[in-house]
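Have a look at final-v7.tsv; it's TSV, C-alpha atoms and all ligand atoms:
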```
chain	number	residue	atom	x	y	z
A	1	MET	CA	146.52	98.06	151.55
A	2	LYS	CA	147.40	94.36	151.36
A	3	GLU	CA	147.77	92.98	147.85
A	4	ARG	CA	144.81	90.84	146.82
A	5	ARG	CA	144.85	87.91	144.44
A	6	PHE	CA	143.51	88.18	140.88
A	7	GLU	CA	140.59	85.91	141.84
A	8	THR	CA	139.59	88.20	144.71
A	9	GLU	CA	139.91	91.38	142.64
A	10	ALA	CA	137.77	89.82	139.90
A	11	VAL	CA	134.93	89.51	142.41
A	12	HIS	CA	135.25	92.71	144.45
A	13	VAL	CA	136.94	95.67	142.73
A	14	GLY	CA	134.68	98.59	141.82
A	15	TYR	CA	131.84	97.65	144.13
A	16	ASP	CA	131.11	98.04	147.84
A	17	SER	CA	127.74	96.66	148.98
A	18	LYS	CA	127.73	99.21	151.85
A	19	ASP	CA	127.08	101.94	149.28
A	20	HIS	CA	124.10	100.04	147.82
A	21	LEU	CA	121.79	99.08	150.72
A	22	GLY	CA	123.84	95.91	151.29
A	23	SER	CA	122.97	94.41	147.91
A	24	LEU	CA	125.42	91.54	147.28
A	25	SER	CA	124.97	91.81	143.52
A	26	THR	CA	125.80	95.13	141.82
A	27	PRO	CA	122.46	96.88	141.15
A	28	ILE	CA	121.55	97.50	137.50
A	29	TYR	CA	121.04	101.27	137.27
A	30	GLN	CA	118.63	100.99	134.34
A	31	THR	CA	118.21	104.70	133.79
A	32	SER	CA	118.93	107.11	130.98
A	33	THR	CA	119.05	110.21	133.15
A	34	PHE	CA	119.88	111.14	136.76
A	35	THR	CA	117.97	113.72	138.76
A	36	PHE	CA	119.50	116.77	140.45
A	37	ASP	CA	118.60	118.43	143.75
A	38	SER	CA	118.36	121.76	141.96
A	39	ALA	CA	118.90	123.40	138.58
A	40	GLU	CA	122.12	124.86	140.04
A	41	GLN	CA	123.40	121.39	140.86
A	42	GLY	CA	122.64	120.28	137.31
A	43	GLU	CA	124.57	123.29	136.01
A	44	ARG	CA	127.58	122.44	138.22
A	45	ARG	CA	127.59	118.82	137.02
A	46	PHE	CA	127.38	119.77	133.36
A	47	ALA	CA	130.20	122.26	133.93
A	48	GLY	CA	132.31	119.51	135.51
A	49	GLU	CA	132.50	121.45	138.80
A	50	GLU	CA	130.77	118.73	140.81
A	51	GLU	CA	131.15	114.95	140.62
A	52	GLY	CA	128.03	112.94	139.94
A	53	TYR	CA	126.06	111.20	137.25
A	54	ILE	CA	124.09	113.15	134.61
A	55	TYR	CA	123.09	110.95	131.70
A	56	SER	CA	124.05	107.32	130.98
A	57	ARG	CA	125.95	108.14	127.78
A	58	LEU	CA	128.30	110.14	130.05
A	59	GLY	CA	128.48	107.56	132.83
A	60	ASN	CA	126.42	105.03	134.76
A	61	PRO	CA	127.21	103.44	138.17
A	62	THR	CA	126.84	99.80	136.99
A	63	VAL	CA	129.13	100.51	134.05
A	64	THR	CA	131.59	102.38	136.32
A	65	ALA	CA	131.92	99.31	138.56
A	66	LEU	CA	132.91	97.20	135.54
A	67	GLN	CA	135.34	99.85	134.27
A	68	GLU	CA	137.12	99.94	137.63
A	69	ARG	CA	137.27	96.16	137.77
A	70	ILE	CA	138.77	95.63	134.31
A	71	ALA	CA	141.28	98.44	134.92
A	72	ARG	CA	142.53	96.70	138.08
A	73	LEU	CA	142.66	93.27	136.46
A	74	GLU	CA	144.72	94.68	133.57
A	75	ASN	CA	146.88	96.66	136.02
A	76	GLY	CA	145.97	99.90	134.22
A	77	GLU	CA	144.85	103.24	135.64
A	78	ALA	CA	141.33	103.41	134.17
A	79	GLY	CA	138.85	101.55	131.98
A	80	LEU	CA	136.08	102.46	129.53
A	81	ALA	CA	133.21	100.22	128.47
A	82	PHE	CA	131.62	99.99	125.01
A	83	ALA	CA	128.58	98.33	123.45
A	84	THR	CA	130.80	96.07	121.30
A	85	GLY	CA	134.44	95.17	120.89
A	86	MET	CA	134.47	97.00	117.56
A	87	ALA	CA	133.13	100.19	119.21
A	88	ALA	CA	136.13	99.94	121.58
A	89	VAL	CA	138.59	99.42	118.70
A	90	SER	CA	137.14	102.23	116.57
A	91	ALA	CA	136.90	104.80	119.41
A	92	THR	CA	140.52	104.05	120.35
A	93	LEU	CA	141.96	104.26	116.84
A	94	ILE	CA	139.98	107.39	115.96
A	95	LYS	CA	141.23	108.98	119.20
A	96	LEU	CA	144.87	108.14	118.47
A	97	THR	CA	145.12	109.02	114.77
A	98	LYS	CA	144.73	112.02	112.48
A	99	ALA	CA	144.29	112.20	108.71
A	100	ASN	CA	147.41	111.20	106.73
A	101	GLU	CA	149.02	109.34	109.63
A	102	HIS	CA	150.10	105.69	109.68
A	103	ILE	CA	149.28	102.61	111.81
A	104	LEU	CA	151.73	99.71	112.05
A	105	CYS	CA	149.83	96.48	112.68
A	106	SER	CA	150.50	92.86	113.41
A	107	GLN	CA	150.03	90.66	110.37
A	108	GLY	CA	146.69	88.98	110.82
A	109	LEU	CA	144.00	90.87	112.65
A	110	TYR	CA	140.37	90.21	113.51
A	111	GLY	CA	138.52	90.73	110.20
A	112	CYS	CA	136.40	93.71	111.28
A	113	THR	CA	139.46	95.53	112.68
A	114	PHE	CA	140.96	95.12	109.23
A	115	GLY	CA	137.67	96.46	107.81
A	116	LEU	CA	137.87	99.52	110.09
A	117	LEU	CA	141.47	100.19	109.02
A	118	SER	CA	140.31	100.07	105.38
A	119	ILE	CA	137.64	102.70	106.17
A	120	LEU	CA	140.24	104.93	107.88
A	121	ASP	CA	142.42	104.65	104.79
A	122	GLU	CA	139.59	105.32	102.33
A	123	LYS	CA	138.15	108.31	104.21
A	124	TYR	CA	141.15	109.89	105.95
A	125	ASN	CA	144.22	108.51	104.13
A	126	ILE	CA	145.37	106.78	107.33
A	127	LYS	CA	147.54	104.01	105.89
A	128	SER	CA	148.31	100.71	107.64
A	129	ASP	CA	151.14	98.24	107.21
A	130	TYR	CA	150.90	94.64	108.40
A	131	ILE	CA	154.06	92.88	109.56
A	132	SER	CA	154.86	89.69	111.48
A	133	MET	CA	156.58	91.66	114.31
A	134	GLU	CA	159.13	88.95	114.83
A	135	THR	CA	162.24	91.10	115.35
A	136	GLU	CA	163.09	94.57	116.64
A	137	ASP	CA	164.81	95.46	113.35
A	138	GLN	CA	161.77	94.48	111.29
A	139	ILE	CA	159.59	96.79	113.41
A	140	ARG	CA	162.11	99.66	113.19
A	141	GLU	CA	162.27	99.26	109.38
A	142	HIS	CA	158.50	99.76	109.10
A	143	ILE	CA	158.07	102.74	111.43
A	144	LEU	CA	157.47	105.90	109.37
A	145	PRO	CA	157.71	109.55	110.47
A	146	GLU	CA	153.89	109.62	110.40
A	147	THR	CA	153.36	106.38	112.40
A	148	SER	CA	151.08	107.30	115.30
A	149	VAL	CA	150.03	103.85	116.61
A	150	ILE	CA	151.40	100.32	116.80
A	151	TYR	CA	148.41	97.97	116.91
A	152	VAL	CA	148.96	94.36	117.96
A	153	GLU	CA	146.61	91.46	118.35
A	154	THR	CA	148.11	88.52	120.25
A	155	PRO	CA	147.19	85.73	120.10
A	156	ILE	CA	145.76	86.66	116.70
A	157	ASN	CA	142.17	85.68	115.82
A	158	PRO	CA	141.95	83.20	114.11
A	159	THR	CA	145.58	82.05	113.57
A	160	MET	CA	146.50	82.11	117.31
A	161	LYS	CA	149.98	83.38	116.39
A	162	VAL	CA	151.71	84.96	119.41
A	163	ILE	CA	153.77	88.18	119.38
A	164	ASP	CA	156.41	89.21	121.95
A	165	LEU	CA	154.78	92.28	123.49
A	166	GLU	CA	157.79	93.23	125.63
A	167	MET	CA	159.91	93.44	122.47
A	168	VAL	CA	157.30	95.51	120.59
A	169	ALA	CA	156.92	97.90	123.55
A	170	ARG	CA	160.71	98.32	123.82
A	171	VAL	CA	160.98	99.46	120.18
A	172	ALA	CA	157.85	101.65	120.38
A	173	LYS	CA	159.30	103.52	123.39
A	174	GLU	CA	162.35	104.55	121.31
A	175	TYR	CA	159.94	106.38	118.96
A	176	GLU	CA	157.37	107.39	121.63
A	177	ILE	CA	154.60	105.62	119.71
A	178	PRO	CA	151.74	104.14	121.78
A	179	VAL	CA	151.22	100.38	121.58
A	180	VAL	CA	147.61	99.21	121.54
A	181	VAL	CA	147.01	95.51	122.26
A	182	ASP	CA	143.87	93.55	121.54
A	183	ASN	CA	144.06	91.15	124.50
A	184	THR	CA	140.75	89.39	123.77
A	185	PHE	CA	142.19	85.92	123.38
A	186	SER	CA	144.38	85.83	126.50
A	187	SER	CA	142.30	87.88	128.91
A	188	PRO	CA	144.14	89.58	131.80
A	189	TYR	CA	144.31	86.24	133.58
A	190	LEU	CA	146.91	84.94	131.10
A	191	GLN	CA	148.51	88.15	129.76
A	192	ARG	CA	148.76	91.72	131.03
A	193	PRO	CA	150.11	93.91	128.21
A	194	ILE	CA	150.51	97.00	130.43
A	195	ASP	CA	152.89	95.04	132.70
A	196	LEU	CA	154.86	94.22	129.53
A	197	GLY	CA	155.29	97.93	128.67
A	198	CYS	CA	152.31	98.44	126.31
A	199	ASP	CA	150.02	101.45	126.66
A	200	ILE	CA	146.43	100.53	125.86
A	201	VAL	CA	144.53	97.25	126.13
A	202	ILE	CA	141.35	96.42	124.23
A	203	HIS	CA	138.93	93.52	124.71
A	204	SER	CA	136.07	92.10	122.83
A	205	ALA	CA	134.44	91.33	126.20
A	206	THR	CA	131.98	89.26	124.20
A	207	LYS	CA	134.51	86.41	124.53
A	208	TYR	CA	136.32	85.31	127.70
A	209	ILE	CA	135.49	88.33	129.91
A	210	GLY	CA	131.75	87.68	129.48
A	211	GLY	CA	132.20	83.95	129.21
A	212	HIS	CA	128.55	82.94	128.87
A	213	GLY	CA	127.69	83.76	125.26
A	214	ASP	CA	124.98	86.21	126.30
A	215	VAL	CA	126.51	89.65	125.73
A	216	VAL	CA	128.32	91.62	123.01
A	217	ALA	CA	130.65	94.20	124.57
A	218	GLY	CA	134.01	95.97	124.45
A	219	LEU	CA	136.49	97.34	127.01
A	220	VAL	CA	139.53	99.61	126.87
A	221	VAL	CA	142.13	100.11	129.62
A	222	GLY	CA	144.89	102.73	129.72
A	223	LYS	CA	146.23	105.78	131.51
A	224	GLU	CA	143.68	107.91	133.39
A	225	ASP	CA	144.25	110.97	131.13
A	226	PHE	CA	143.80	109.00	127.92
A	227	ILE	CA	140.68	107.18	129.13
A	228	SER	CA	138.93	110.28	130.51
A	229	ASP	CA	139.76	112.17	127.32
A	230	MET	CA	138.36	109.34	125.18
A	231	ALA	CA	135.23	109.16	127.38
A	232	MET	CA	134.55	112.85	126.72
A	233	THR	CA	135.38	112.80	122.98
A	234	THR	CA	135.28	109.71	120.77
A	235	GLN	CA	132.95	107.89	123.14
A	236	LYS	CA	130.65	110.77	124.16
A	237	ASP	CA	130.30	112.17	120.66
A	238	ILE	CA	130.29	109.02	118.54
A	239	GLY	CA	128.34	106.85	121.01
A	240	GLY	CA	128.64	103.11	121.43
A	241	GLN	CA	128.37	103.12	125.24
A	242	MET	CA	127.70	99.90	127.12
A	243	SER	CA	124.25	99.43	128.62
A	244	PRO	CA	123.90	98.93	132.41
A	245	PHE	CA	122.44	95.45	131.88
A	246	ASP	CA	125.39	94.37	129.74
A	247	ALA	CA	127.76	95.74	132.40
A	248	TRP	CA	125.94	93.64	134.99
A	249	LEU	CA	126.27	90.50	132.84
A	250	LEU	CA	130.01	91.16	132.51
A	251	LEU	CA	130.42	91.84	136.25
A	252	ARG	CA	128.85	88.46	136.84
A	253	GLY	CA	130.87	86.69	134.14
A	254	ILE	CA	134.23	88.17	135.15
A	255	LYS	CA	133.95	86.67	138.64
A	256	THR	CA	134.70	83.23	137.21
A	257	LEU	CA	137.31	84.35	134.65
A	258	SER	CA	140.21	82.66	136.46
A	259	LEU	CA	138.39	79.33	136.77
A	260	ARG	CA	137.32	79.37	133.15
A	261	MET	CA	140.76	80.32	131.81
A	262	GLU	CA	142.39	77.52	133.85
A	263	ARG	CA	139.94	75.02	132.36
A	264	HIS	CA	140.35	76.42	128.81
A	265	SER	CA	144.12	76.06	129.18
A	266	GLN	CA	143.85	72.48	130.46
A	267	THR	CA	141.49	71.54	127.62
A	268	ALA	CA	143.80	73.15	125.04
A	269	GLU	CA	146.74	71.14	126.44
A	270	THR	CA	144.73	67.92	126.20
A	271	ILE	CA	143.87	68.66	122.55
A	272	VAL	CA	147.50	69.56	121.70
A	273	ASP	CA	148.76	66.35	123.37
A	274	ALA	CA	146.17	64.11	121.65
B	1	LIG	C1	140.26	89.64	118.62
B	1	LIG	C2	138.95	90.33	118.44
B	1	LIG	N1	138.90	91.67	118.55
B	1	LIG	C3	137.74	92.35	118.38
B	1	LIG	C4	136.57	91.69	118.07
B	1	LIG	C5	135.31	92.47	117.90
B	1	LIG	O1	134.50	92.32	119.02
B	1	LIG	P1	132.89	92.37	119.02
B	1	LIG	O2	132.41	91.21	118.21
B	1	LIG	O3	132.58	92.25	120.48
B	1	LIG	O4	132.50	93.68	118.44
B	1	LIG	C6	136.57	90.29	117.98
B	1	LIG	C7	135.33	89.55	117.68
B	1	LIG	O5	135.34	88.36	117.37
B	1	LIG	C8	137.80	89.59	118.16
B	1	LIG	O6	137.87	88.26	118.05
```
Any chance you could put this one into structure tokens?
Amino acid sequence: MKERRFETEAVHVGYDSKDHLGSLSTPIYQTSTFTFDSAEQGERRFAGEEEGYIYSRLGNPTVTALQERIARLENGEAGLAFATGMAAVSATLIKLTKANEHILCSQGLYGCTFGLLSILDEKYNIKSDYISMETEDQIREHILPETSVIYVETPINPTMKVIDLEMVARVAKEYEIPVVVDNTFSSPYLQRPIDLGCDIVIHSATKYIGGHGDVVAGLVVGKEDFISDMAMTTQKDIGGQMSPFDAWLLLRGIKTLSLRMERHSQTAETIVDA
């Protein structure tokens, strides 16, 4: 297949109007439950022997379209959508850590991520260290035998400090530790952490992905195995799924991501030059 531009993918990936009575806009599948042709079919779906929707906490077509789109834009294998950015962060960190392990973080994180890390410490003795991540040696010095995740926010909210993701990923690979990047403030239009060697990308889609100030949402992108495992564990059992209407708002917002990020960048340059 011919390679398509970011702008084109942002409009089309994950949706084919031919499968939806020609509807140009992705339909909002506002349903909790899906019906089956027979009890046997229901049994096969619950057993995972047949593909198909069952219940919207386990999957919903409007949400699936968004998951496929963000995965392509981030150049990852699969995506998973959450009701909030913090639901995305917490499901990911709970999936990747066990009691008594350690998370190495960038210094300066969104306040509620810091709050979540404090809860993980208090309840499960999962300790975190916060470092500037300016050199390879500094990162190596802070990796412990029990470090199970390197968690980086760049640019950091609210300091806007930037971290060299390629460098962090290079060191993490030596120790086989996954690198999770909160890419909220760049969006995939300006930065693709997976292309830089990182493993998992998180968004508070509330910000640039949504772009209209009308939805609170979160997204995670990573390898197919990791995402499907998370969908059937820390998402299925803890909850925090995205609603079909929120997915629709994001599918609409994401279409103009490239235009908005260009304008944001121009405006930022004007302010810096003033
Ligand atoms: C960088 C970053 N990550 C995560 C979050 C949490 O996202 P949400 O507010 O969508 O739960 C925010 C929210 O401001 C954020 O700025």
**OP:** Within 9 Å of Arg72 in chain A, counting only C-alpha atoms, which residues show up once you throw out same-chain ones fewer than 5 positions away? Write them as a list in words, please.
**Re:** Glu9, Ala10, Val13, Gly14, Gln67, Glu77, Ala78 and Gly79 of chain A
Could you please take those selected residues and save C-alpha atoms as a tab-separated table (two decimals), in the frame of the given file?
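Contents of part30.tsv, as written:
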```tsv
chain	number	residue	atom	x	y	z
A	9	GLU	CA	139.91	91.38	142.64
A	10	ALA	CA	137.77	89.82	139.90
A	13	VAL	CA	136.94	95.67	142.73
A	14	GLY	CA	134.68	98.59	141.82
A	67	GLN	CA	135.34	99.85	134.27
A	77	GLU	CA	144.85	103.24	135.64
A	78	ALA	CA	141.33	103.41	134.17
A	79	GLY	CA	138.85	101.55	131.98
```
Original post:
What does the distance between CA of Ser56 in chain A and CA of Thr31 in chain A come to in Å, to one decimal place?
Top reply: 7.0 Å
Original post:
What do you get as a VMD selection string if you pick all residues at most 8 Å from ligand LIG 1 (chain B), counting only C-alpha atoms and all ligand atoms?
Top reply: chain A and resid 83 to 89 109 to 110 112 to 113 153 156 to 158 182 to 185 202 to 207 216 to 218
**OP:** Quick one: pull the distance between CA of Lys236 in chain A and CA of Ser17 in chain A, Å, one decimal.
**Re:** 28.7 Å
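Among the candidates A:Asn75, A:Ser187, A:Thr159, A:Ser32, the residue lying nearest to Lys223 in chain A is A:Asn75 (atoms considered: only C-alpha atoms).
Comparing A:Asp199, A:Asp273, A:Glu49, A:Asp121 by their smallest distance to Lys98 in chain A, the closest is A:Asp121 (using all atoms listed in the file).
Across A:Val201, A:Val180, A:Leu24, A:Ile271, the tightest approach to Leu93 in chain A is made by A:Val180 when counting all atoms listed in the file.
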